[in-house]
Amino acid sequence: MEPLLVEQRGPVRWLLLNRPERRNALDATLVEALDKQITSAEADPGTAVIAVAGKGPSFCAGGDFHQFLQLHDRGDNPVGFLTDVSACFSRIAASPKPWVAVLHGHAVAGGLELALACDVVVAADTTLIGDGHLNRRLVPAGGSSVRLPDAVGRGLSRWLLLTGELLPATAFANTGWIRAIVPEADLDATATRICHQLADRHSPAQEQLKTLLDRIDGMAPEQALREELATFADNWTASSVADALRDFLAPHTTKADIK
C-alpha cells in the first residue's frame, strides 16, 4: 500500500496520508513520500495549492511508536527520524505555495505539527486536536512548541502542551487558527471551496508574499518592513504588474485621465 496517495484536482494537489490502520501515524516512508511531493508540487506550474488530508478514521495521530521502538531496540535514537520530520514540516511552512490541512478524527502530536506547518486549516467539528506528547512521556520534536503559541495563543498552547489534553475542533473556534469548522459530511466540499479561493489568487505575487511571511516570522519590525519593501520591488520588476494595473484601470479611464 502506498503511504501517500496523490490526486490532482485541477489547480489543487491533494496529498492523502494513507496508513489508515495506524491512524496515519508518521513513519520514515510516509515522511519521505511527503517530502518528495513538496518538491514535485512546487515545481509544477499547474499546481497552485496543496491540500493534505488523511484516509481512514483520522487525519494523523502522530509519530509511529512502532518505528520509535524499532530504532531504540537496534541502538538508534529516534531523533534522527524526527530531524527529518521537522525538516519536512519546515519545508511546508516555507513553501511558496499555500498549504491547506484538512482535519478529521484526530490531529495529535505529529498530526497537529503537520497542520501547524500549513497556511490554512479546515476541520470537521468532531476532530480531536492536541499536542499529546506528554501523554506518552515525550516532548515535541516537529514544531508544536514553536508554532502552537502563534496559532492559538500563549495560554491555550501552554495548556495543550503541558497537559496533553485533546480538545474538539470547536474549542479552537475563537483562536483564528482554523479557517472553517464544519460537519464531517461537509468537510471535503468546504476544503475544496477554500482551496479554490486560494488558487484563484495564484500568481508570482502570491508566491513571493507566502515566502515573505515565512521569512519575516519572528523578525524585528524594522527589518521585516525592509524585507517587505524589497519583496515589493522584486515583484514589481519581475512580473507584469504594470500591465495588470492597466487592465484593471482601463474600463474606468476617461479622456481627462489620459490628458
# chains A, B, ... in the order shown; residues from 1 in each chain; ligands from 1
$ residues_around --residues "stretch 120-126 of chain A" --least-positions-apart "6" --cutoff "7 Å" --atoms "only C-alpha atoms" --output "PyMOL selection string"
chain A and resi 99-105+168-170+177-184+187+191
$ write_last_selection --atoms "N, CA and C atoms" --output "CSV table (one decimal), in the first residue's frame"
chain,number,residue,atom,x,y,z
A,99,TRP,N,-0.5,25.9,1.6
A,99,TRP,CA,-0.9,24.5,2.0
A,99,TRP,C,-2.1,24.6,2.9
A,100,VAL,N,-3.0,23.6,2.7
A,100,VAL,CA,-4.3,23.6,3.4
A,100,VAL,C,-4.3,22.2,4.1
A,101,ALA,N,-4.5,22.2,5.4
A,101,ALA,CA,-4.7,21.0,6.2
A,101,ALA,C,-6.1,20.7,6.4
A,102,VAL,N,-6.6,19.5,6.1
A,102,VAL,CA,-8.0,19.1,6.2
A,102,VAL,C,-8.1,18.1,7.3
A,103,LEU,N,-8.6,18.4,8.4
A,103,LEU,CA,-8.6,17.6,9.6
A,103,LEU,C,-9.9,16.9,9.9
A,104,HIS,N,-9.8,15.6,10.3
A,104,HIS,CA,-10.9,14.9,10.8
A,104,HIS,C,-10.4,13.8,11.8
A,105,GLY,N,-11.2,13.3,12.6
A,105,GLY,CA,-10.8,12.2,13.5
A,105,GLY,C,-9.9,12.7,14.6
A,168,PRO,N,-12.0,19.2,21.2
A,168,PRO,CA,-12.7,19.2,19.9
A,168,PRO,C,-12.3,20.4,19.1
A,169,ALA,N,-12.4,20.3,17.8
A,169,ALA,CA,-12.1,21.5,16.9
A,169,ALA,C,-12.9,22.7,17.3
A,170,THR,N,-14.1,22.5,17.8
A,170,THR,CA,-15.0,23.7,18.2
A,170,THR,C,-14.3,24.5,19.3
A,177,TRP,N,-7.2,30.3,14.2
A,177,TRP,CA,-6.3,29.3,13.6
A,177,TRP,C,-7.0,28.5,12.6
A,178,ILE,N,-8.2,28.0,12.9
A,178,ILE,CA,-8.9,27.1,12.0
A,178,ILE,C,-9.9,28.0,11.1
A,179,ARG,N,-9.7,27.9,9.8
A,179,ARG,CA,-10.5,28.8,8.9
A,179,ARG,C,-11.9,28.4,8.9
A,180,ALA,N,-12.3,27.1,8.9
A,180,ALA,CA,-13.6,26.7,8.9
A,180,ALA,C,-13.8,25.4,9.7
A,181,ILE,N,-14.8,25.3,10.5
A,181,ILE,CA,-15.2,24.1,11.3
A,181,ILE,C,-16.6,23.7,10.9
A,182,VAL,N,-16.7,22.5,10.3
A,182,VAL,CA,-17.9,22.1,9.7
A,182,VAL,C,-18.2,20.7,10.0
A,183,PRO,N,-19.5,20.2,9.9
A,183,PRO,CA,-19.8,18.8,10.0
A,183,PRO,C,-18.9,18.0,9.0
A,184,GLU,N,-18.6,16.8,9.5
A,184,GLU,CA,-17.7,16.0,8.6
A,184,GLU,C,-18.2,15.7,7.2
A,187,LEU,N,-17.0,18.4,5.0
A,187,LEU,CA,-15.6,18.8,5.1
A,187,LEU,C,-14.9,18.9,3.7
A,191,ALA,N,-13.4,22.3,2.1
A,191,ALA,CA,-12.0,22.4,1.9
A,191,ALA,C,-11.7,22.7,0.4
$ select_by_dssp --residues "stretch 30-117 of chain A" --states "strand (DSSP E)" --output "list in words"
Val49, Ile50, Ala51, Val52, Ala53, Gly54, Trp99, Val100, Ala101, Val102, Leu103, His106, Ala107 and Val108 of chain A
$ residues_around --residues "A:Ala87" --least-positions-apart "4" --cutoff "12 Å" --atoms "only C-alpha atoms" --output "PyMOL selection string"
chain A and resi 31-32+34-35+38+79-83+91-94+113-114+117+141-143
$ atom_distance --atom1 "atom CA of A:Ser58" --atom2 "atom CA of A:Pro96"
27.3 Å
$ atom_distance --atom1 "atom CA of A:Phe172" --atom2 "atom CA of A:Asp84"
28.6 Å
$ atom_distance --atom1 "atom CA of A:Phe68" --atom2 "atom CA of A:Glu165"
22.2 Å
$ residues_around --residues "A:Cys195" --least-positions-apart "5" --cutoff "9 Å" --atoms "only C-alpha atoms" --output "PyMOL selection string"
chain A and resi 11-12+48-51+98-100+190+200
$ residues_around --residues "A:His106" --least-positions-apart "2" --cutoff "12 Å" --atoms "only C-alpha atoms" --output "PyMOL selection string"
chain A and resi 20+22-25+53-62+102-104+108-112+115+123-132+166-169
$ write_last_selection --atoms "N, CA, C and O atoms" --output "short mmCIF file (atom, residue, chain, number, x, y, z; two decimals), in the first residue's frame"
data_model
loop_
_atom_site.label_atom_id
_atom_site.label_comp_id
_atom_site.auth_asym_id
_atom_site.auth_seq_id
_atom_site.Cartn_x
_atom_site.Cartn_y
_atom_site.Cartn_z
N PRO A 20 -4.20 4.08 7.12
CA PRO A 20 -5.39 4.15 7.98
C PRO A 20 -5.36 3.18 9.14
O PRO A 20 -5.93 3.46 10.21
N ARG A 22 -3.01 2.58 11.03
CA ARG A 22 -2.22 3.19 12.10
C ARG A 22 -2.66 4.64 12.34
O ARG A 22 -1.90 5.43 12.87
N ARG A 23 -3.87 4.97 11.92
CA ARG A 23 -4.37 6.35 12.02
C ARG A 23 -3.38 7.33 11.40
O ARG A 23 -3.17 8.43 11.89
N ASN A 24 -2.78 6.88 10.30
CA ASN A 24 -1.84 7.70 9.51
C ASN A 24 -0.65 8.19 10.34
O ASN A 24 -0.13 9.29 10.10
N ALA A 25 -0.21 7.35 11.28
CA ALA A 25 0.99 7.67 12.05
C ALA A 25 2.18 7.83 11.11
O ALA A 25 2.32 7.11 10.12
N ALA A 53 -4.67 15.72 3.59
CA ALA A 53 -5.77 15.13 4.35
C ALA A 53 -5.39 13.69 4.69
O ALA A 53 -4.34 13.19 4.27
N GLY A 54 -6.26 13.02 5.44
CA GLY A 54 -5.97 11.65 5.85
C GLY A 54 -7.05 10.69 5.42
O GLY A 54 -8.24 11.02 5.48
N LYS A 55 -6.64 9.50 5.01
CA LYS A 55 -7.57 8.43 4.71
C LYS A 55 -7.91 7.68 6.00
O LYS A 55 -7.11 7.61 6.92
N GLY A 56 -9.12 7.11 6.05
CA GLY A 56 -9.49 6.32 7.21
C GLY A 56 -10.06 7.17 8.33
O GLY A 56 -10.59 8.26 8.10
N PRO A 57 -9.93 6.70 9.57
CA PRO A 57 -10.64 7.33 10.69
C PRO A 57 -10.03 8.63 11.19
O PRO A 57 -10.67 9.33 11.98
N SER A 58 -8.80 8.96 10.79
CA SER A 58 -8.13 10.13 11.36
C SER A 58 -7.26 10.84 10.33
O SER A 58 -6.80 10.23 9.36
N PHE A 59 -7.02 12.12 10.60
CA PHE A 59 -6.04 12.87 9.82
C PHE A 59 -4.65 12.31 10.09
O PHE A 59 -3.99 11.78 9.20
N CYS A 60 -4.19 12.42 11.32
CA CYS A 60 -2.88 11.86 11.70
C CYS A 60 -2.76 11.87 13.21
O CYS A 60 -2.96 12.92 13.84
N ALA A 61 -2.46 10.72 13.78
CA ALA A 61 -2.39 10.58 15.23
C ALA A 61 -0.98 10.76 15.78
O ALA A 61 -0.75 10.51 16.96
N GLY A 62 -0.02 11.19 14.95
CA GLY A 62 1.32 11.46 15.43
C GLY A 62 2.37 10.55 14.83
O GLY A 62 2.18 9.97 13.76
N VAL A 102 -6.58 19.51 6.09
CA VAL A 102 -8.00 19.14 6.18
C VAL A 102 -8.12 18.07 7.25
O VAL A 102 -7.73 16.91 7.05
N LEU A 103 -8.65 18.44 8.43
CA LEU A 103 -8.57 17.59 9.61
C LEU A 103 -9.89 16.88 9.90
O LEU A 103 -10.96 17.46 9.77
N HIS A 104 -9.76 15.61 10.32
CA HIS A 104 -10.90 14.87 10.84
C HIS A 104 -10.37 13.82 11.80
O HIS A 104 -9.16 13.52 11.82
N VAL A 108 -3.16 14.91 16.24
CA VAL A 108 -2.48 14.86 17.54
C VAL A 108 -0.98 14.75 17.33
O VAL A 108 -0.52 14.09 16.39
N ALA A 109 -0.22 15.39 18.22
CA ALA A 109 1.25 15.31 18.21
C ALA A 109 1.77 15.64 16.81
O ALA A 109 1.60 16.77 16.34
N GLY A 110 2.38 14.68 16.10
CA GLY A 110 2.88 14.97 14.77
C GLY A 110 1.80 15.39 13.79
O GLY A 110 2.06 16.15 12.85
N GLY A 111 0.57 14.91 14.00
CA GLY A 111 -0.54 15.36 13.15
C GLY A 111 -0.86 16.82 13.38
O GLY A 111 -1.12 17.57 12.42
N LEU A 112 -0.84 17.25 14.64
CA LEU A 112 -1.01 18.67 14.95
C LEU A 112 0.14 19.47 14.35
O LEU A 112 -0.08 20.54 13.77
N ALA A 115 -0.35 20.04 10.72
CA ALA A 115 -1.37 21.07 10.50
C ALA A 115 -0.83 22.47 10.80
O ALA A 115 -1.13 23.43 10.08
N ALA A 123 -11.46 21.96 9.45
CA ALA A 123 -11.62 20.80 10.34
C ALA A 123 -13.08 20.39 10.47
O ALA A 123 -13.98 21.24 10.51
N ALA A 124 -13.29 19.09 10.55
CA ALA A 124 -14.59 18.57 10.96
C ALA A 124 -14.80 18.92 12.43
O ALA A 124 -13.85 18.91 13.23
N ASP A 125 -16.03 19.23 12.78
CA ASP A 125 -16.29 19.74 14.14
C ASP A 125 -16.00 18.71 15.22
O ASP A 125 -15.80 19.06 16.39
N THR A 126 -15.96 17.44 14.88
CA THR A 126 -15.69 16.39 15.86
C THR A 126 -14.21 16.02 15.98
O THR A 126 -13.86 15.14 16.77
N THR A 127 -13.36 16.67 15.20
CA THR A 127 -11.93 16.36 15.25
C THR A 127 -11.37 16.63 16.65
O THR A 127 -11.62 17.69 17.23
N LEU A 128 -10.60 15.69 17.18
CA LEU A 128 -9.89 15.91 18.43
C LEU A 128 -8.48 16.38 18.12
O LEU A 128 -7.75 15.74 17.36
N ILE A 129 -8.12 17.51 18.71
CA ILE A 129 -6.86 18.18 18.39
C ILE A 129 -6.07 18.43 19.67
O ILE A 129 -6.63 18.87 20.68
N GLY A 130 -4.79 18.16 19.62
CA GLY A 130 -3.96 18.46 20.77
C GLY A 130 -2.52 18.05 20.53
O GLY A 130 -2.20 17.37 19.55
N ASP A 131 -1.66 18.47 21.43
CA ASP A 131 -0.24 18.11 21.29
C ASP A 131 -0.02 16.65 21.72
O ASP A 131 0.57 15.88 20.97
N GLY A 132 -0.46 16.30 22.89
CA GLY A 132 -0.48 14.90 23.29
C GLY A 132 0.85 14.25 23.61
O GLY A 132 0.87 13.09 24.05
N LEU A 166 -6.66 16.63 24.68
CA LEU A 166 -7.18 16.76 23.33
C LEU A 166 -8.53 17.46 23.41
O LEU A 166 -9.40 17.08 24.22
N LEU A 167 -8.72 18.46 22.56
CA LEU A 167 -9.95 19.24 22.55
C LEU A 167 -10.63 19.12 21.19
O LEU A 167 -9.97 18.97 20.17
N PRO A 168 -11.97 19.20 21.17
CA PRO A 168 -12.65 19.19 19.88
C PRO A 168 -12.34 20.45 19.09
O PRO A 168 -12.02 21.50 19.66
N ALA A 169 -12.43 20.34 17.78
CA ALA A 169 -12.12 21.49 16.92
C ALA A 169 -12.91 22.73 17.31
O ALA A 169 -12.42 23.85 17.19
#
$ closest_residue --among "A:Asp119, A:Ala28, A:Met219, A:Asp247" --to "A:Ile194" --atoms "only C-alpha atoms"
A:Asp119
$ residues_around --residues "A:Thr175" --least-positions-apart "5" --cutoff "9 Å" --atoms "only C-alpha atoms" --output "list in words"
Ala151, Val152 and Gly153 of chain A
$ closest_residue --among "A:Ala185, A:Val85, A:Leu16, A:Leu5" --to "A:Val52" --atoms "only C-alpha atoms"
A:Leu16
$ select_by_dssp --residues "stretch 20-227 of chain A" --states "alpha helix (DSSP H)" --output "PyMOL selection string"
chain A and resi 28-43+65-73+79-94+110-117+144-152+154-163+187-200+204-215+221-227
$ closest_residue --among "A:Thr231, A:Ser203, A:Thr237, A:Ser157" --to "A:Gly46" --atoms "only C-alpha atoms"
A:Ser203
$ decode --residues "stretch 192-219 of chain A" --atoms "N, CA and C atoms" --output "short mmCIF file (atom, residue, chain, number, x, y, z; two decimals), in the first residue's frame"
data_model
loop_
_atom_site.label_atom_id
_atom_site.label_comp_id
_atom_site.auth_asym_id
_atom_site.auth_seq_id
_atom_site.Cartn_x
_atom_site.Cartn_y
_atom_site.Cartn_z
N THR A 192 -12.50 22.05 -0.48
CA THR A 192 -12.34 22.30 -1.92
C THR A 192 -12.63 23.76 -2.24
N ARG A 193 -13.69 24.30 -1.67
CA ARG A 193 -14.02 25.71 -1.92
C ARG A 193 -12.89 26.62 -1.44
N ILE A 194 -12.36 26.36 -0.26
CA ILE A 194 -11.30 27.20 0.28
C ILE A 194 -10.03 27.08 -0.55
N CYS A 195 -9.71 25.87 -0.99
CA CYS A 195 -8.53 25.67 -1.85
C CYS A 195 -8.67 26.46 -3.14
N HIS A 196 -9.85 26.47 -3.71
CA HIS A 196 -10.04 27.19 -4.98
C HIS A 196 -10.03 28.70 -4.77
N GLN A 197 -10.44 29.18 -3.60
CA GLN A 197 -10.30 30.60 -3.30
C GLN A 197 -8.83 31.00 -3.33
N LEU A 198 -8.00 30.16 -2.75
CA LEU A 198 -6.55 30.42 -2.78
C LEU A 198 -6.01 30.30 -4.20
N ALA A 199 -6.45 29.28 -4.92
CA ALA A 199 -5.95 29.06 -6.28
C ALA A 199 -6.33 30.19 -7.21
N ASP A 200 -7.49 30.83 -6.97
CA ASP A 200 -7.92 31.94 -7.81
C ASP A 200 -6.98 33.13 -7.71
N ARG A 201 -6.21 33.21 -6.64
CA ARG A 201 -5.26 34.32 -6.47
C ARG A 201 -3.82 33.88 -6.75
N HIS A 202 -3.67 32.69 -7.34
CA HIS A 202 -2.32 32.20 -7.61
C HIS A 202 -1.61 33.12 -8.60
N SER A 203 -0.41 33.52 -8.26
CA SER A 203 0.39 34.41 -9.10
C SER A 203 1.79 34.47 -8.51
N PRO A 204 2.75 35.03 -9.24
CA PRO A 204 4.07 35.24 -8.64
C PRO A 204 3.99 36.09 -7.38
N ALA A 205 3.06 37.04 -7.35
CA ALA A 205 2.92 37.89 -6.16
C ALA A 205 2.51 37.07 -4.95
N GLN A 206 1.56 36.13 -5.13
CA GLN A 206 1.14 35.29 -4.02
C GLN A 206 2.30 34.44 -3.51
N GLU A 207 3.08 33.88 -4.44
CA GLU A 207 4.21 33.04 -4.02
C GLU A 207 5.27 33.86 -3.29
N GLN A 208 5.53 35.07 -3.79
CA GLN A 208 6.50 35.92 -3.10
C GLN A 208 6.00 36.35 -1.73
N LEU A 209 4.70 36.64 -1.63
CA LEU A 209 4.14 37.02 -0.35
C LEU A 209 4.19 35.87 0.64
N LYS A 210 3.87 34.67 0.17
CA LYS A 210 3.93 33.49 1.04
C LYS A 210 5.35 33.29 1.58
N THR A 211 6.34 33.43 0.72
CA THR A 211 7.73 33.28 1.14
C THR A 211 8.13 34.38 2.10
N LEU A 212 7.65 35.61 1.85
CA LEU A 212 7.95 36.73 2.74
C LEU A 212 7.40 36.47 4.14
N LEU A 213 6.16 35.99 4.22
CA LEU A 213 5.53 35.78 5.52
C LEU A 213 6.34 34.81 6.37
N ASP A 214 6.87 33.77 5.74
CA ASP A 214 7.70 32.83 6.50
C ASP A 214 9.03 33.46 6.87
N ARG A 215 9.61 34.22 5.96
CA ARG A 215 10.94 34.79 6.21
C ARG A 215 10.92 35.80 7.34
N ILE A 216 9.86 36.59 7.47
CA ILE A 216 9.85 37.65 8.47
C ILE A 216 9.26 37.20 9.80
N ASP A 217 8.82 35.95 9.88
CA ASP A 217 8.24 35.45 11.12
C ASP A 217 9.26 35.55 12.25
N GLY A 218 8.93 36.31 13.28
CA GLY A 218 9.82 36.49 14.42
C GLY A 218 10.89 37.54 14.22
N MET A 219 10.92 38.16 13.05
CA MET A 219 11.94 39.17 12.75
C MET A 219 11.58 40.50 13.42
#
